[in-house]
Amino acid sequence: MNCEKVQKLLPEYWAETIPVNSHREIEQHLHQCDTCQAEAEMLGELWADLDRLPTLEPSTDVRSRFYGMLDAYRSGVDEKPKRNWFHWAIPAGAFAMLAIGIFVGRVNVTPVDPQIAQLRGEIHGMRQMMALSLLQQQSPADRMRGVSYAYRLDKSDGDVVTALLETVKSDPSVNVRLAAVDAFRKVGTGVAARKALIDSLKAQDSPLVQIAIIELLVDLNDRTTAKSLQSFSVDSAVPKEVQESARWAAGQLN
Amino acid sequence: MQQVRDGDLRKLAVLFERHHRALFQFFARCSGGNREQSEDLLQEVYFRILRYRHTYDAKQPFTAWMYQIARNAKIDQLQKRRPETHHENDEIPSGSMRIDDKLSRAQELQLLRKALDMLPEDKREVLVMSRYQELKYEEIAQILGIEVGAVKVRVFRAVRALGDLYTQLAEAKA
């Protein structure tokens, strides 16, 4: 064994994870080579001392934050429309329901119970209020819950869309920003919101969020954003993987 | 992880309970003991595991995949802000040495910790993975996307750089 080979194996030698044969060869070399011997001894002590450095333990808060995030994520996923092989059944079912509705409507026109309508309105208002309130909280887990409430809204709401846009633009947590981008798939976007999303692309410091916004714009199939994405894809200040994603998206929308 | 990938998201709790302490300590050792940053990164990793669960390949060991996500989260974080050194726990474990020796030993360990914090990010990371995270060289190679032989070389170079820094600090103090 030469010096170079021995040096490469020293960490395993110190950790005592090296095969017996190699261990013997290293010891033989160290016996003959004073330079390696001195270095192995000094660095070996440091290697052992690394074990004596104090270890920081996570606070109890990490557990509650994790379970809060998991619950919020799961409720968000549960609200998402399922995409699977019987996807075709949704429009077919909708058509059947429409036909039945027209038939029943012709036979017996019954107005929607005003109490049920009022109750629905109250639930919608409550979810809206919870979303707006939680999105303003300091804790990322709370803001994540705010995003999940936004997910549960039946229809897009101006205030919630504005709050989500603000979250996408400036929330300090990448997680919350990503979840807010996803929420737009449910709450929908108007022309102004889509423009604001495009504008926020450049200001983003996280490539992950940039790619998530780009994928959202493709899913929304807004062809008017293709030009902006094209110019974004050749911007030298943009990370390479984001450029590639923008180029792909522009191609999809053209 | 396969169950999480296939839609049973509650199973992520099992993975959290199994790995969160080691993962937190990985971030803490790489960030010079910054608790707040390490806890944020921990949260970030589990969120990314959920969000990108469909990219998990069951043929790949979960630990290596998790550390790849952890490294990416750490790199994203580093782009936002420089690591700060926050040592919450300055207490050095005591042994059966005399008080003079103990002080001297404590000083040595403080210098060692300072040297570790001063190591360039790539060297500190590979050293932490190898020395503390109980990762095999094969796993580190997979995480870093390099050959096993290159990992061995990097680990030794990191220890040597640590030794150089430690010597410089000790000489400056003397």
# chains A, B, ... in the order shown; residues from 1 in each chain; ligands from 1
call {"tool": "interface_residues", "arguments": {"of": "chain B", "to": "chain A", "cutoff": "9 Å", "atoms": "only C-alpha atoms", "output": "count of residues only"}}
result
54
call {"tool": "atom_distance", "arguments": {"atom1": "CA of Arg194 (chain A)", "atom2": "CA of Gly158 (chain A)"}}
result
13.2 Å
call {"tool": "residues_around", "arguments": {"residues": "Cys33 (chain A)", "least_positions_apart": "4", "cutoff": "12 Å", "atoms": "only C-alpha atoms", "output": "PDB file with C-alpha atoms, in the first residue's frame"}}
result
ATOM      1  CA  MET A   1       0.000   0.000   0.000  1.00  0.00           C
ATOM      2  CA  ASN A   2       1.261   3.466  -0.853  1.00  0.00           C
ATOM      3  CA  CYS A   3       0.605   6.683   1.118  1.00  0.00           C
ATOM      4  CA  GLU A   4      -2.295   7.759  -1.095  1.00  0.00           C
ATOM      5  CA  VAL A   6      -3.594   4.439   3.018  1.00  0.00           C
ATOM      6  CA  GLN A   7      -4.924   8.006   3.408  1.00  0.00           C
ATOM      7  CA  ILE A  26      -2.349   0.011   6.962  1.00  0.00           C
ATOM      8  CA  GLU A  27      -0.596  -0.772  10.229  1.00  0.00           C
ATOM      9  CA  GLN A  28       2.402  -2.098   8.324  1.00  0.00           C
ATOM     10  CA  HIS A  29       2.565   1.072   6.238  1.00  0.00           C
ATOM     11  CA  GLN A  37       2.097   7.807  11.067  1.00  0.00           C
ATOM     12  CA  ALA A  38       2.156  11.367  12.452  1.00  0.00           C
ATOM     13  CA  GLU A  39      -0.789  12.499  10.335  1.00  0.00           C
ATOM     14  CA  ALA A  40      -2.859   9.394  11.115  1.00  0.00           C
TER      15      ALA A  40
END
call {"tool": "residues_around", "arguments": {"residues": "region 243-251 of chain A", "least_positions_apart": "5", "cutoff": "7 Å", "atoms": "only C-alpha atoms", "output": "NGL selection string"}}
result
:A and (211 or 214 or 218 or 226 or 229-230 or 232-234 or 238)
call {"tool": "write_last_selection", "arguments": {"atoms": "N, CA and C atoms", "output": "compact mmCIF listing (two decimals), in the first residue's frame"}}
result
# COMPACT_ATOMS: atom_id res chain seq x y z
N ILE A 211 -40.90 26.56 -10.66
CA ILE A 211 -41.33 25.44 -11.51
C ILE A 211 -42.81 25.11 -11.22
N ILE A 214 -44.94 27.57 -13.06
CA ILE A 214 -44.92 27.29 -14.51
C ILE A 214 -45.84 26.10 -14.82
N VAL A 218 -49.35 25.91 -17.17
CA VAL A 218 -49.60 24.92 -18.23
C VAL A 218 -50.93 24.22 -17.97
N ALA A 226 -47.80 32.19 -22.83
CA ALA A 226 -46.70 31.51 -23.54
C ALA A 226 -45.54 32.47 -23.83
N LEU A 229 -43.49 33.25 -20.80
CA LEU A 229 -42.70 32.08 -20.41
C LEU A 229 -41.50 31.90 -21.34
N GLN A 230 -41.73 32.19 -22.62
CA GLN A 230 -40.64 32.07 -23.60
C GLN A 230 -39.50 33.03 -23.24
N PHE A 232 -38.94 34.32 -20.37
CA PHE A 232 -38.39 33.90 -19.07
C PHE A 232 -37.35 32.77 -19.26
N SER A 233 -37.62 31.92 -20.26
CA SER A 233 -36.75 30.75 -20.48
C SER A 233 -35.37 31.14 -21.01
N VAL A 234 -35.22 32.38 -21.50
CA VAL A 234 -33.89 32.78 -22.02
C VAL A 234 -33.25 33.83 -21.11
N VAL A 238 -32.09 33.37 -14.57
CA VAL A 238 -32.99 32.29 -14.10
C VAL A 238 -32.20 30.98 -14.02
call {"tool": "atom_distance", "arguments": {"atom1": "CA of Val4 (chain B)", "atom2": "CA of Arg53 (chain B)"}}
result
7.0 Å
call {"tool": "select_by_dssp", "arguments": {"residues": "region 15-74 of chain A", "states": "alpha helix (DSSP H)", "output": "compact mmCIF listing (two decimals) with all heavy atoms, in the first residue's frame"}}
result
# COMPACT_ATOMS: atom_id res chain seq x y z
N ALA A 15 -12.67 4.37 12.16
CA ALA A 15 -14.03 3.95 12.53
C ALA A 15 -14.12 2.45 12.81
O ALA A 15 -15.17 1.95 13.20
CB ALA A 15 -15.01 4.34 11.42
N VAL A 20 -10.13 -6.91 7.94
CA VAL A 20 -8.92 -7.25 8.72
C VAL A 20 -7.64 -7.12 7.88
O VAL A 20 -6.64 -6.56 8.33
CB VAL A 20 -9.04 -8.70 9.26
CG1 VAL A 20 -7.81 -9.09 10.06
CG2 VAL A 20 -10.28 -8.81 10.12
N ASN A 21 -7.69 -7.62 6.62
CA ASN A 21 -6.49 -7.58 5.76
C ASN A 21 -6.01 -6.16 5.54
O ASN A 21 -4.82 -5.86 5.66
CB ASN A 21 -6.80 -8.21 4.40
CG ASN A 21 -6.91 -9.72 4.52
OD1 ASN A 21 -6.56 -10.27 5.58
ND2 ASN A 21 -7.40 -10.36 3.48
N SER A 22 -6.96 -5.28 5.21
CA SER A 22 -6.59 -3.88 4.95
C SER A 22 -6.06 -3.23 6.22
O SER A 22 -5.13 -2.43 6.18
CB SER A 22 -7.80 -3.10 4.44
OG SER A 22 -8.31 -3.70 3.29
N HIS A 23 -6.67 -3.59 7.34
CA HIS A 23 -6.25 -3.04 8.63
C HIS A 23 -4.77 -3.38 8.87
O HIS A 23 -3.96 -2.54 9.27
CB HIS A 23 -7.13 -3.62 9.74
CG HIS A 23 -6.94 -2.99 11.07
ND1 HIS A 23 -5.94 -3.39 11.93
CD2 HIS A 23 -7.60 -1.98 11.69
CE1 HIS A 23 -6.00 -2.64 13.03
NE2 HIS A 23 -7.01 -1.78 12.91
N ARG A 24 -4.44 -4.62 8.59
CA ARG A 24 -3.06 -5.09 8.80
C ARG A 24 -2.11 -4.33 7.86
O ARG A 24 -1.04 -3.87 8.29
CB ARG A 24 -3.00 -6.60 8.54
CG ARG A 24 -1.80 -7.27 9.19
CD ARG A 24 -1.80 -8.76 8.96
NE ARG A 24 -3.00 -9.43 9.42
CZ ARG A 24 -3.77 -10.24 8.68
NH1 ARG A 24 -3.47 -10.47 7.43
NH2 ARG A 24 -4.84 -10.81 9.18
N GLU A 25 -2.53 -4.18 6.61
CA GLU A 25 -1.66 -3.49 5.63
C GLU A 25 -1.44 -2.04 6.03
O GLU A 25 -0.34 -1.50 5.88
CB GLU A 25 -2.31 -3.55 4.24
CG GLU A 25 -2.18 -4.91 3.60
CD GLU A 25 -2.75 -4.91 2.19
OE1 GLU A 25 -2.27 -4.14 1.35
OE2 GLU A 25 -3.72 -5.68 1.95
N ILE A 26 -2.49 -1.39 6.54
CA ILE A 26 -2.35 0.01 6.96
C ILE A 26 -1.36 0.10 8.12
O ILE A 26 -0.46 0.95 8.13
CB ILE A 26 -3.72 0.60 7.37
CG1 ILE A 26 -4.59 0.79 6.14
CG2 ILE A 26 -3.56 1.94 8.08
CD1 ILE A 26 -6.02 1.17 6.44
N GLU A 27 -1.50 -0.80 9.07
CA GLU A 27 -0.60 -0.77 10.23
C GLU A 27 0.86 -0.98 9.80
O GLU A 27 1.76 -0.30 10.30
CB GLU A 27 -1.01 -1.83 11.24
CG GLU A 27 -2.41 -1.55 11.78
CD GLU A 27 -2.52 -1.70 13.28
OE1 GLU A 27 -2.09 -2.74 13.76
OE2 GLU A 27 -3.05 -0.77 13.94
N GLN A 28 1.04 -1.86 8.85
CA GLN A 28 2.40 -2.10 8.32
C GLN A 28 2.95 -0.82 7.71
O GLN A 28 4.09 -0.42 7.95
CB GLN A 28 2.38 -3.20 7.26
CG GLN A 28 2.42 -4.60 7.86
CD GLN A 28 2.16 -5.67 6.80
OE1 GLN A 28 2.03 -5.36 5.61
NE2 GLN A 28 2.10 -6.91 7.24
N HIS A 29 2.11 -0.16 6.90
CA HIS A 29 2.56 1.07 6.24
C HIS A 29 2.88 2.16 7.27
O HIS A 29 3.91 2.83 7.18
CB HIS A 29 1.48 1.58 5.26
CG HIS A 29 1.87 2.86 4.58
ND1 HIS A 29 2.61 2.88 3.42
CD2 HIS A 29 1.67 4.15 4.93
CE1 HIS A 29 2.84 4.13 3.07
NE2 HIS A 29 2.26 4.93 3.96
N LEU A 30 1.99 2.32 8.25
CA LEU A 30 2.19 3.36 9.26
C LEU A 30 3.48 3.11 10.05
O LEU A 30 4.15 4.05 10.48
CB LEU A 30 1.00 3.44 10.21
CG LEU A 30 -0.34 3.90 9.60
CD1 LEU A 30 -1.43 3.93 10.66
CD2 LEU A 30 -0.22 5.26 8.94
N HIS A 31 3.81 1.86 10.20
CA HIS A 31 5.03 1.48 10.94
C HIS A 31 6.27 1.93 10.18
O HIS A 31 7.29 2.29 10.78
CB HIS A 31 5.02 -0.04 11.14
CG HIS A 31 5.90 -0.48 12.25
ND1 HIS A 31 5.66 -0.16 13.57
CD2 HIS A 31 7.06 -1.21 12.25
CE1 HIS A 31 6.61 -0.66 14.31
NE2 HIS A 31 7.48 -1.30 13.54
N GLN A 32 6.13 1.93 8.84
CA GLN A 32 7.30 2.25 8.00
C GLN A 32 7.37 3.73 7.61
O GLN A 32 8.42 4.25 7.30
CB GLN A 32 7.27 1.41 6.71
CG GLN A 32 7.46 -0.06 6.96
CD GLN A 32 6.88 -0.91 5.83
OE1 GLN A 32 6.40 -0.37 4.83
NE2 GLN A 32 6.93 -2.21 6.00
N ASP A 34 6.88 7.56 8.56
CA ASP A 34 6.72 8.48 9.69
C ASP A 34 5.70 9.59 9.39
O ASP A 34 4.95 10.00 10.28
CB ASP A 34 8.07 9.13 10.04
CG ASP A 34 9.03 8.11 10.64
OD1 ASP A 34 8.54 7.03 11.06
OD2 ASP A 34 10.24 8.38 10.68
N THR A 35 5.67 10.07 8.15
CA THR A 35 4.76 11.16 7.78
C THR A 35 3.31 10.71 7.95
O THR A 35 2.50 11.39 8.59
CB THR A 35 4.99 11.60 6.31
OG1 THR A 35 6.39 11.67 6.09
CG2 THR A 35 4.33 12.91 6.00
N CYS A 36 3.02 9.54 7.39
CA CYS A 36 1.64 9.01 7.49
C CYS A 36 1.31 8.70 8.95
O CYS A 36 0.20 8.92 9.40
CB CYS A 36 1.48 7.76 6.63
SG CYS A 36 1.35 8.11 4.88
N GLN A 37 2.30 8.17 9.66
CA GLN A 37 2.10 7.81 11.07
C GLN A 37 1.68 9.04 11.89
O GLN A 37 0.71 9.01 12.64
CB GLN A 37 3.41 7.20 11.61
CG GLN A 37 3.50 7.07 13.12
CD GLN A 37 2.69 5.89 13.63
OE1 GLN A 37 2.62 4.86 12.97
NE2 GLN A 37 2.05 6.04 14.77
N ALA A 38 2.44 10.14 11.68
CA ALA A 38 2.16 11.37 12.45
C ALA A 38 0.78 11.93 12.09
O ALA A 38 0.00 12.33 12.97
CB ALA A 38 3.23 12.40 12.18
N GLU A 39 0.50 11.93 10.78
CA GLU A 39 -0.79 12.50 10.33
C GLU A 39 -1.95 11.63 10.82
O GLU A 39 -2.96 12.14 11.31
CB GLU A 39 -0.82 12.62 8.81
CG GLU A 39 -2.03 13.39 8.33
CD GLU A 39 -1.97 13.73 6.85
OE1 GLU A 39 -1.65 12.83 6.04
OE2 GLU A 39 -2.26 14.87 6.49
N ALA A 40 -1.78 10.31 10.70
CA ALA A 40 -2.86 9.39 11.12
C ALA A 40 -3.15 9.54 12.60
O ALA A 40 -4.30 9.47 13.04
CB ALA A 40 -2.48 7.96 10.78
N GLU A 41 -2.10 9.75 13.37
CA GLU A 41 -2.27 9.86 14.82
C GLU A 41 -3.02 11.15 15.19
O GLU A 41 -3.99 11.14 15.95
CB GLU A 41 -0.89 9.84 15.49
CG GLU A 41 -0.95 9.45 16.94
CD GLU A 41 0.44 9.21 17.50
OE1 GLU A 41 1.16 8.33 16.95
OE2 GLU A 41 0.82 9.92 18.43
N MET A 42 -2.56 12.26 14.59
CA MET A 42 -3.16 13.57 14.92
C MET A 42 -4.63 13.62 14.43
O MET A 42 -5.54 13.99 15.18
CB MET A 42 -2.33 14.66 14.24
CG MET A 42 -2.77 16.08 14.59
SD MET A 42 -3.81 16.73 13.29
CE MET A 42 -4.14 18.36 13.90
N LEU A 43 -4.84 13.22 13.19
CA LEU A 43 -6.21 13.28 12.65
C LEU A 43 -7.12 12.22 13.30
O LEU A 43 -8.32 12.44 13.45
CB LEU A 43 -6.20 13.11 11.12
CG LEU A 43 -5.48 14.21 10.33
CD1 LEU A 43 -5.56 13.95 8.84
CD2 LEU A 43 -6.06 15.59 10.64
N GLY A 44 -6.52 11.10 13.69
CA GLY A 44 -7.30 10.05 14.37
C GLY A 44 -7.85 10.55 15.70
O GLY A 44 -8.98 10.21 16.08
N GLU A 45 -7.07 11.38 16.38
CA GLU A 45 -7.54 11.95 17.65
C GLU A 45 -8.72 12.90 17.40
O GLU A 45 -9.71 12.89 18.13
CB GLU A 45 -6.41 12.70 18.34
CG GLU A 45 -5.51 11.80 19.16
CD GLU A 45 -4.37 12.58 19.80
OE1 GLU A 45 -4.55 13.77 20.11
OE2 GLU A 45 -3.30 11.98 19.98
N LEU A 46 -8.57 13.70 16.35
CA LEU A 46 -9.68 14.62 16.01
C LEU A 46 -10.93 13.83 15.66
O LEU A 46 -12.05 14.20 16.05
CB LEU A 46 -9.31 15.51 14.82
CG LEU A 46 -8.36 16.68 15.05
CD1 LEU A 46 -8.31 17.55 13.80
CD2 LEU A 46 -8.80 17.54 16.23
N TRP A 47 -10.73 12.78 14.90
CA TRP A 47 -11.85 11.92 14.48
C TRP A 47 -12.59 11.39 15.72
O TRP A 47 -13.82 11.39 15.78
CB TRP A 47 -11.32 10.77 13.63
CG TRP A 47 -12.36 9.82 13.13
CD1 TRP A 47 -12.79 8.68 13.73
CD2 TRP A 47 -13.12 9.94 11.92
NE1 TRP A 47 -13.76 8.08 12.98
CE2 TRP A 47 -13.99 8.82 11.85
CE3 TRP A 47 -13.15 10.86 10.88
CZ2 TRP A 47 -14.86 8.62 10.80
CZ3 TRP A 47 -14.03 10.66 9.82
CH2 TRP A 47 -14.88 9.55 9.79
N ALA A 48 -11.81 10.95 16.70
CA ALA A 48 -12.42 10.42 17.93
C ALA A 48 -13.09 11.55 18.71
O ALA A 48 -14.19 11.38 19.27
CB ALA A 48 -11.35 9.74 18.78
N ASP A 49 -12.45 12.73 18.73
CA ASP A 49 -13.00 13.86 19.50
C ASP A 49 -14.33 14.36 18.92
O ASP A 49 -15.13 14.96 19.64
CB ASP A 49 -11.99 15.02 19.54
CG ASP A 49 -10.91 14.77 20.57
OD1 ASP A 49 -11.07 13.82 21.37
OD2 ASP A 49 -9.92 15.52 20.59
N ASP A 61 -41.49 21.15 19.64
CA ASP A 61 -42.31 21.86 18.66
C ASP A 61 -42.29 21.18 17.28
O ASP A 61 -43.25 21.26 16.53
CB ASP A 61 -41.77 23.30 18.56
CG ASP A 61 -42.70 24.20 17.79
OD1 ASP A 61 -43.91 24.04 17.96
OD2 ASP A 61 -42.20 25.05 17.03
N VAL A 62 -41.17 20.50 16.94
CA VAL A 62 -41.07 19.94 15.59
C VAL A 62 -42.15 18.89 15.34
O VAL A 62 -42.67 18.77 14.23
CB VAL A 62 -39.68 19.33 15.27
CG1 VAL A 62 -38.59 20.36 15.32
CG2 VAL A 62 -39.35 18.16 16.15
N ARG A 63 -42.51 18.18 16.41
CA ARG A 63 -43.51 17.13 16.24
C ARG A 63 -44.88 17.74 15.92
O ARG A 63 -45.56 17.31 14.99
CB ARG A 63 -43.56 16.28 17.50
CG ARG A 63 -44.29 14.99 17.31
CD ARG A 63 -44.11 14.01 18.45
NE ARG A 63 -43.07 13.04 18.18
CZ ARG A 63 -41.90 13.00 18.78
NH1 ARG A 63 -41.60 13.88 19.69
NH2 ARG A 63 -41.01 12.07 18.47
N SER A 64 -45.26 18.78 16.69
CA SER A 64 -46.57 19.39 16.44
C SER A 64 -46.60 20.08 15.08
O SER A 64 -47.60 20.05 14.38
CB SER A 64 -46.96 20.35 17.56
OG SER A 64 -46.00 21.36 17.68
N ARG A 65 -45.47 20.68 14.70
CA ARG A 65 -45.41 21.31 13.38
C ARG A 65 -45.58 20.27 12.28
O ARG A 65 -46.29 20.48 11.30
CB ARG A 65 -44.08 22.03 13.19
CG ARG A 65 -44.03 23.40 13.85
CD ARG A 65 -42.69 24.03 13.65
NE ARG A 65 -42.45 24.47 12.28
CZ ARG A 65 -41.28 24.95 11.84
NH1 ARG A 65 -40.26 25.04 12.64
NH2 ARG A 65 -41.15 25.34 10.59
N PHE A 66 -44.90 19.13 12.45
CA PHE A 66 -44.99 18.08 11.44
C PHE A 66 -46.43 17.57 11.30
O PHE A 66 -46.97 17.48 10.20
CB PHE A 66 -44.05 16.92 11.77
CG PHE A 66 -44.32 15.70 10.94
CD1 PHE A 66 -43.92 15.63 9.62
CD2 PHE A 66 -45.04 14.62 11.46
CE1 PHE A 66 -44.22 14.53 8.83
CE2 PHE A 66 -45.33 13.51 10.69
CZ PHE A 66 -44.92 13.46 9.37
N TYR A 67 -47.05 17.24 12.46
CA TYR A 67 -48.40 16.66 12.37
C TYR A 67 -49.42 17.70 11.86
O TYR A 67 -50.37 17.34 11.17
CB TYR A 67 -48.80 16.05 13.72
CG TYR A 67 -48.11 14.72 13.95
CD1 TYR A 67 -47.02 14.62 14.79
CD2 TYR A 67 -48.51 13.58 13.26
CE1 TYR A 67 -46.34 13.42 14.96
CE2 TYR A 67 -47.85 12.38 13.43
CZ TYR A 67 -46.77 12.29 14.27
OH TYR A 67 -46.10 11.10 14.42
N GLY A 68 -49.18 18.98 12.19
CA GLY A 68 -50.04 20.04 11.65
C GLY A 68 -49.93 20.12 10.14
O GLY A 68 -50.92 20.19 9.43
N MET A 69 -48.69 20.02 9.66
CA MET A 69 -48.46 20.08 8.21
C MET A 69 -49.08 18.86 7.52
O MET A 69 -49.72 18.97 6.50
CB MET A 69 -46.94 20.12 7.97
CG MET A 69 -46.47 20.25 6.54
SD MET A 69 -46.35 18.71 5.64
CE MET A 69 -44.96 17.91 6.42
N LEU A 70 -48.90 17.68 8.15
CA LEU A 70 -49.43 16.44 7.54
C LEU A 70 -50.96 16.50 7.46
O LEU A 70 -51.54 16.17 6.41
CB LEU A 70 -48.98 15.23 8.37
CG LEU A 70 -49.35 13.85 7.83
CD1 LEU A 70 -48.78 13.62 6.44
CD2 LEU A 70 -48.85 12.75 8.76
N ASP A 71 -51.59 16.95 8.53
CA ASP A 71 -53.06 17.06 8.52
C ASP A 71 -53.53 18.03 7.45
O ASP A 71 -54.47 17.74 6.70
CB ASP A 71 -53.57 17.56 9.90
CG ASP A 71 -53.51 16.44 10.93
OD1 ASP A 71 -53.31 15.29 10.52
OD2 ASP A 71 -53.64 16.75 12.13
N ALA A 72 -52.84 19.19 7.39
CA ALA A 72 -53.23 20.20 6.41
C ALA A 72 -53.05 19.66 5.00
O ALA A 72 -53.92 19.81 4.14
CB ALA A 72 -52.39 21.46 6.60
N TYR A 73 -51.94 18.95 4.79
CA TYR A 73 -51.68 18.42 3.45
C TYR A 73 -52.71 17.36 3.07
O TYR A 73 -53.23 17.34 1.97
CB TYR A 73 -50.27 17.83 3.39
CG TYR A 73 -49.80 17.59 1.98
CD1 TYR A 73 -49.06 18.55 1.29
CD2 TYR A 73 -50.11 16.41 1.31
CE1 TYR A 73 -48.65 18.34 -0.01
CE2 TYR A 73 -49.69 16.19 0.01
CZ TYR A 73 -48.95 17.16 -0.64
OH TYR A 73 -48.55 16.94 -1.94
N ARG A 74 -53.00 16.48 4.06
CA ARG A 74 -53.97 15.41 3.77
C ARG A 74 -55.35 15.98 3.46
O ARG A 74 -56.02 15.53 2.54
CB ARG A 74 -54.06 14.45 4.95
CG ARG A 74 -52.87 13.50 4.99
CD ARG A 74 -52.96 12.56 6.16
NE ARG A 74 -54.14 11.75 6.12
CZ ARG A 74 -54.84 11.36 7.17
NH1 ARG A 74 -54.45 11.73 8.37
NH2 ARG A 74 -55.89 10.62 7.05
call {"tool": "residues_around", "arguments": {"residues": "region 68-71 of chain B", "least_positions_apart": "4", "cutoff": "9 Å", "atoms": "only C-alpha atoms", "output": "NGL selection string"}}
result
:B and (23 or 27 or 41-42 or 44-45 or 48-49 or 63-64 or 75-76 or 142-144)
call {"tool": "write_last_selection", "arguments": {"atoms": "N, CA, C and O atoms", "output": "mmCIF file, in the first residue's frame"}}
result
data_model
loop_
_atom_site.group_PDB
_atom_site.id
_atom_site.type_symbol
_atom_site.label_atom_id
_atom_site.label_comp_id
_atom_site.auth_asym_id
_atom_site.auth_seq_id
_atom_site.Cartn_x
_atom_site.Cartn_y
_atom_site.Cartn_z
ATOM 1 N N LEU B 23 -32.069 13.511 11.072
ATOM 2 C CA LEU B 23 -32.128 14.539 10.028
ATOM 3 C C LEU B 23 -31.929 15.937 10.629
ATOM 4 O O LEU B 23 -31.209 16.775 10.084
ATOM 5 N N PHE B 27 -28.810 18.674 9.853
ATOM 6 C CA PHE B 27 -28.922 20.105 9.554
ATOM 7 C C PHE B 27 -28.218 20.950 10.617
ATOM 8 O O PHE B 27 -27.570 21.936 10.300
ATOM 9 N N LEU B 41 -35.797 23.466 8.143
ATOM 10 C CA LEU B 41 -35.374 22.560 7.069
ATOM 11 C C LEU B 41 -35.975 21.170 7.254
ATOM 12 O O LEU B 41 -36.350 20.515 6.287
ATOM 13 N N LEU B 42 -36.070 20.749 8.504
ATOM 14 C CA LEU B 42 -36.666 19.442 8.809
ATOM 15 C C LEU B 42 -38.107 19.396 8.280
ATOM 16 O O LEU B 42 -38.526 18.449 7.610
ATOM 17 N N GLU B 44 -39.344 21.269 6.017
ATOM 18 C CA GLU B 44 -39.268 21.390 4.558
ATOM 19 C C GLU B 44 -39.071 20.015 3.913
ATOM 20 O O GLU B 44 -39.700 19.684 2.920
ATOM 21 N N VAL B 45 -38.193 19.199 4.510
ATOM 22 C CA VAL B 45 -37.900 17.882 3.938
ATOM 23 C C VAL B 45 -39.164 17.025 3.919
ATOM 24 O O VAL B 45 -39.494 16.420 2.894
ATOM 25 N N ARG B 48 -41.501 18.186 1.293
ATOM 26 C CA ARG B 48 -41.067 17.811 -0.061
ATOM 27 C C ARG B 48 -41.260 16.310 -0.312
ATOM 28 O O ARG B 48 -41.539 15.893 -1.423
ATOM 29 N N ILE B 49 -41.076 15.509 0.740
ATOM 30 C CA ILE B 49 -41.307 14.060 0.577
ATOM 31 C C ILE B 49 -42.761 13.829 0.168
ATOM 32 O O ILE B 49 -43.062 13.038 -0.731
ATOM 33 N N THR B 63 -33.419 6.022 2.714
ATOM 34 C CA THR B 63 -32.524 6.968 3.413
ATOM 35 C C THR B 63 -31.753 7.829 2.414
ATOM 36 O O THR B 63 -31.639 9.044 2.592
ATOM 37 N N ALA B 64 -31.219 7.204 1.372
ATOM 38 C CA ALA B 64 -30.450 7.962 0.381
ATOM 39 C C ALA B 64 -31.341 8.982 -0.306
ATOM 40 O O ALA B 64 -30.962 10.150 -0.504
ATOM 41 N N ILE B 75 -29.471 23.404 0.206
ATOM 42 C CA ILE B 75 -28.873 24.261 -0.827
ATOM 43 C C ILE B 75 -29.793 25.453 -1.097
ATOM 44 O O ILE B 75 -29.351 26.598 -1.192
ATOM 45 N N ASP B 76 -31.094 25.185 -1.202
ATOM 46 C CA ASP B 76 -32.056 26.284 -1.420
ATOM 47 C C ASP B 76 -31.981 27.295 -0.284
ATOM 48 O O ASP B 76 -32.026 28.499 -0.507
ATOM 49 N N GLN B 142 -24.348 7.534 -3.411
ATOM 50 C CA GLN B 142 -25.635 7.669 -4.093
ATOM 51 C C GLN B 142 -26.226 9.069 -3.877
ATOM 52 O O GLN B 142 -26.750 9.685 -4.796
ATOM 53 N N ILE B 143 -26.115 9.557 -2.648
ATOM 54 C CA ILE B 143 -26.662 10.875 -2.317
ATOM 55 C C ILE B 143 -25.933 11.966 -3.097
ATOM 56 O O ILE B 143 -26.555 12.881 -3.648
ATOM 57 N N LEU B 144 -24.605 11.847 -3.154
ATOM 58 C CA LEU B 144 -23.812 12.898 -3.814
ATOM 59 C C LEU B 144 -23.685 12.670 -5.318
ATOM 60 O O LEU B 144 -23.192 13.541 -6.030
#
call {"tool": "decode", "arguments": {"residues": "region 195-202 of chain A", "atoms": "N, CA and C atoms", "output": "short mmCIF file (atom, residue, chain, number, x, y, z; two decimals), in the first residue's frame"}}
result
data_model
loop_
_atom_site.label_atom_id
_atom_site.label_comp_id
_atom_site.auth_asym_id
_atom_site.auth_seq_id
_atom_site.Cartn_x
_atom_site.Cartn_y
_atom_site.Cartn_z
N LYS A 195 -51.75 36.92 -14.51
CA LYS A 195 -50.71 37.91 -14.81
C LYS A 195 -49.84 38.13 -13.57
N ALA A 196 -50.49 38.20 -12.42
CA ALA A 196 -49.74 38.41 -11.17
C ALA A 196 -48.81 37.22 -10.90
N LEU A 197 -49.28 36.01 -11.23
CA LEU A 197 -48.43 34.82 -11.04
C LEU A 197 -47.20 34.88 -11.94
N ILE A 198 -47.43 35.26 -13.20
CA ILE A 198 -46.31 35.42 -14.14
C ILE A 198 -45.32 36.45 -13.60
N ASP A 199 -45.88 37.59 -13.11
CA ASP A 199 -45.00 38.65 -12.59
C ASP A 199 -44.20 38.18 -11.38
N SER A 200 -44.82 37.30 -10.59
CA SER A 200 -44.14 36.85 -9.36
C SER A 200 -43.01 35.86 -9.66
N LEU A 201 -43.01 35.30 -10.90
CA LEU A 201 -41.99 34.31 -11.24
C LEU A 201 -40.58 34.84 -11.05
N LYS A 202 -40.35 36.07 -11.54
CA LYS A 202 -39.00 36.63 -11.49
C LYS A 202 -38.55 36.93 -10.07
#
